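Chemist: This structure is in structure tokens; I'll ask about it shortly.
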Amino acid sequence: MDINYKKNLEDVFNGKQVDITPVITVTQSGILDAMKLTGTSWPTAHEDPEQMATLGASLHELAGLEDAKIPFCLAVEAESMGCTVDLGYGGRTPEVVKSPFDDPREIEIPDNFETSGRIPVICEAVEILHERYDNLPVCVGITGPFTVAGHMIGVEEILKMINLDYYGVEAAVDVATEAVIAYIKELNEVKPDVICVADPTSSGDLLSPLDFQQISRPPLEDIQEEMKSQNVLHICGHTGNMLKDMLSSGYNGISIEEAVDMRYAQEVKASLGDKCQVCGNISTSKTLFRGTPEEVRTEVLEALEKGVDVVAPSCGIAASSPLVNIQAMVNARNEFFGIE
């Protein structure tokens, strides 16, 4: 069966009926098995656009996933804001190790924000992927404003400040929102097919539903309005109590972990008019990382039975996840639809 992957995914996010459910990743896609087979590696693939494009498309080439996903971390915006980032090595993803800001009210966007760090690398990698593939969606991951603000002043600190210095949190999130929008405007120029906003610090494991409504949702809506690509909102962990807010924030899709039952997510989606599609929720930490292909198969078939709109890993794929488990996702989707 020939599939136009780009049109199939676009149709799903537009709420149209399709013959086959897409199987993609909107989260971290670099795995060590793929690096060995494609001659790529971290940290080089974080900074070299050719390697970034090759690794970003590797799970399409090697396992059949129906998109290319770049970059491979959530530290891009923080790095361009002036934070010190450890790019890691081997299977370790980049992390923010030091921020230049001590006071949330002193955070400001550097004049060279759009041209510093890895933003230009990512934009070039998008262009390379467009040149290489006619019908493969290119998905670029960016970081949600509340998470970026947490990178600026520390996650633990910003969570404490919600109760101790709410206006300081607002000040930090406002600047983070401006930075993310500046990044989105750069991406709009190279036209990725999908932008996925990952906002892990907005997880229901860290924020109450009210805090999410007041702190995280408004900037998420603001940045969505700037996007010219289709878009997905990914939030980690237990998000069942904020599903209505996620589904009604203006995004084409949301991405959820296995902590949220897919049938329940579909019920909430239906109650809101089916305007936003649900991606997920194949466990990355348990099934794709530590499980067997048969366990992956079982989980994918269950998600499809429960009505998942786009089969996808529940969160960022662990770098040590075996390639056969990623292949098993695609095989199970094919089995469900009778594709040989």
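Letters A, B, ... go to the chains of the structure tokens in the order shown; residues in each chain start at 1; ligands are counted from 1 in the same order.
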For A:Ile20, work out the shell of residues within 9 Å, counting only C-alpha atoms and skipping chain neighbours fewer than 5 positions away, then give it as a PyMOL selection string.

Modeler: chain A and resi 3+8+333-334+337

Chemist: Selected residues, all heavy atoms, written as an mmCIF file, in the first residue's frame, please.

Modeler:
data_model
loop_
_atom_site.group_PDB
_atom_site.id
_atom_site.type_symbol
_atom_site.label_atom_id
_atom_site.label_comp_id
_atom_site.auth_asym_id
_atom_site.auth_seq_id
_atom_site.Cartn_x
_atom_site.Cartn_y
_atom_site.Cartn_z
ATOM 1 N N ILE A 3 1.541 5.017 0.635
ATOM 2 C CA ILE A 3 0.987 6.044 1.517
ATOM 3 C C ILE A 3 1.728 7.350 1.272
ATOM 4 O O ILE A 3 2.960 7.379 1.276
ATOM 5 C CB ILE A 3 1.139 5.656 3.005
ATOM 6 C CG1 ILE A 3 0.549 4.279 3.285
ATOM 7 C CG2 ILE A 3 0.485 6.713 3.903
ATOM 8 C CD1 ILE A 3 0.887 3.750 4.667
ATOM 9 N N ASN A 8 -1.299 12.143 4.545
ATOM 10 C CA ASN A 8 -2.037 11.340 5.513
ATOM 11 C C ASN A 8 -2.038 12.001 6.888
ATOM 12 O O ASN A 8 -3.077 12.107 7.553
ATOM 13 C CB ASN A 8 -1.410 9.942 5.599
ATOM 14 C CG ASN A 8 -2.314 8.924 6.268
ATOM 15 O OD1 ASN A 8 -3.502 8.820 5.946
ATOM 16 N ND2 ASN A 8 -1.763 8.154 7.186
ATOM 17 N N ARG A 333 0.870 -1.518 13.670
ATOM 18 C CA ARG A 333 -0.096 -0.659 12.962
ATOM 19 C C ARG A 333 -0.481 -1.291 11.638
ATOM 20 O O ARG A 333 -1.665 -1.319 11.258
ATOM 21 C CB ARG A 333 0.528 0.729 12.759
ATOM 22 C CG ARG A 333 -0.416 1.817 12.208
ATOM 23 C CD ARG A 333 -0.711 1.731 10.725
ATOM 24 N NE ARG A 333 0.457 1.566 9.890
ATOM 25 C CZ ARG A 333 1.130 2.571 9.336
ATOM 26 N NH1 ARG A 333 0.737 3.801 9.500
ATOM 27 N NH2 ARG A 333 2.201 2.303 8.574
ATOM 28 N N ASN A 334 0.503 -1.814 10.915
ATOM 29 C CA ASN A 334 0.225 -2.482 9.644
ATOM 30 C C ASN A 334 -0.682 -3.692 9.820
ATOM 31 O O ASN A 334 -1.607 -3.925 9.033
ATOM 32 C CB ASN A 334 1.538 -2.893 8.971
ATOM 33 C CG ASN A 334 2.332 -1.697 8.466
ATOM 34 O OD1 ASN A 334 1.831 -0.581 8.421
ATOM 35 N ND2 ASN A 334 3.581 -1.943 8.098
ATOM 36 N N PHE A 337 -4.323 -2.800 10.265
ATOM 37 C CA PHE A 337 -5.013 -2.371 9.039
ATOM 38 C C PHE A 337 -4.870 -3.395 7.901
ATOM 39 O O PHE A 337 -5.254 -3.099 6.755
ATOM 40 C CB PHE A 337 -4.504 -1.005 8.598
ATOM 41 C CG PHE A 337 -4.988 0.114 9.462
ATOM 42 C CD1 PHE A 337 -4.220 0.579 10.523
ATOM 43 C CD2 PHE A 337 -6.233 0.686 9.249
ATOM 44 C CE1 PHE A 337 -4.689 1.614 11.346
ATOM 45 C CE2 PHE A 337 -6.694 1.714 10.052
ATOM 46 C CZ PHE A 337 -5.931 2.170 11.108
#

Chemist: Which residues of stretch 8-81 of chain A come within 9 Å of stretch 96-104 of chain A, and for each one, what is the closest pair of atoms and their distance in Å to one decimal, counting only C-alpha atoms, sorted by chain and residue number, as a Markdown table?

Modeler:
| residue | atom | partner | partner_atom | distance |
| --- | --- | --- | --- | --- |
| A:Ala75 | CA | A:Val96 | CA | 6.3 |
| A:Ala78 | CA | A:Val96 | CA | 7.3 |
| A:Glu79 | CA | A:Val96 | CA | 7.7 |
| A:Met81 | CA | A:Pro100 | CA | 8.7 |

Chemist: I'd like to know which of A:Asp199, A:Asp274, A:Glu114, A:Glu267 is closest to A:Gly141, using only C-alpha atoms.

Modeler: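 Smallest distance to A:Gly141 is found for A:Asp199.
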
Chemist: When you count only C-alpha atoms, which of these residues is closest to A:Lys191: A:Asp2, A:Glu225, A:Glu124, A:Glu294?

Modeler: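 Among the listed residues, the smallest separation from A:Lys191 belongs to A:Glu124.
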
Chemist: Pick out the closest residue to A:Leu210 from this set: A:Ala270, A:Ala172, A:Ile162, A:Ile107. Count only C-alpha atoms.

Modeler: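 Smallest distance to A:Leu210 is found for A:Ile162.
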
Chemist: For the atom pair atom CA of A:Gly316 and atom CA of A:Leu136, what is the interatomic distance in Å to one decimal place?

Modeler: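 So the answer is 20.0 Å.
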
Chemist: Of the residues A:Pro22, A:Pro293, A:Leu288, A:Tyr264, which is the one nearest to A:Lys306, using only C-alpha atoms?

Modeler: A:Tyr264
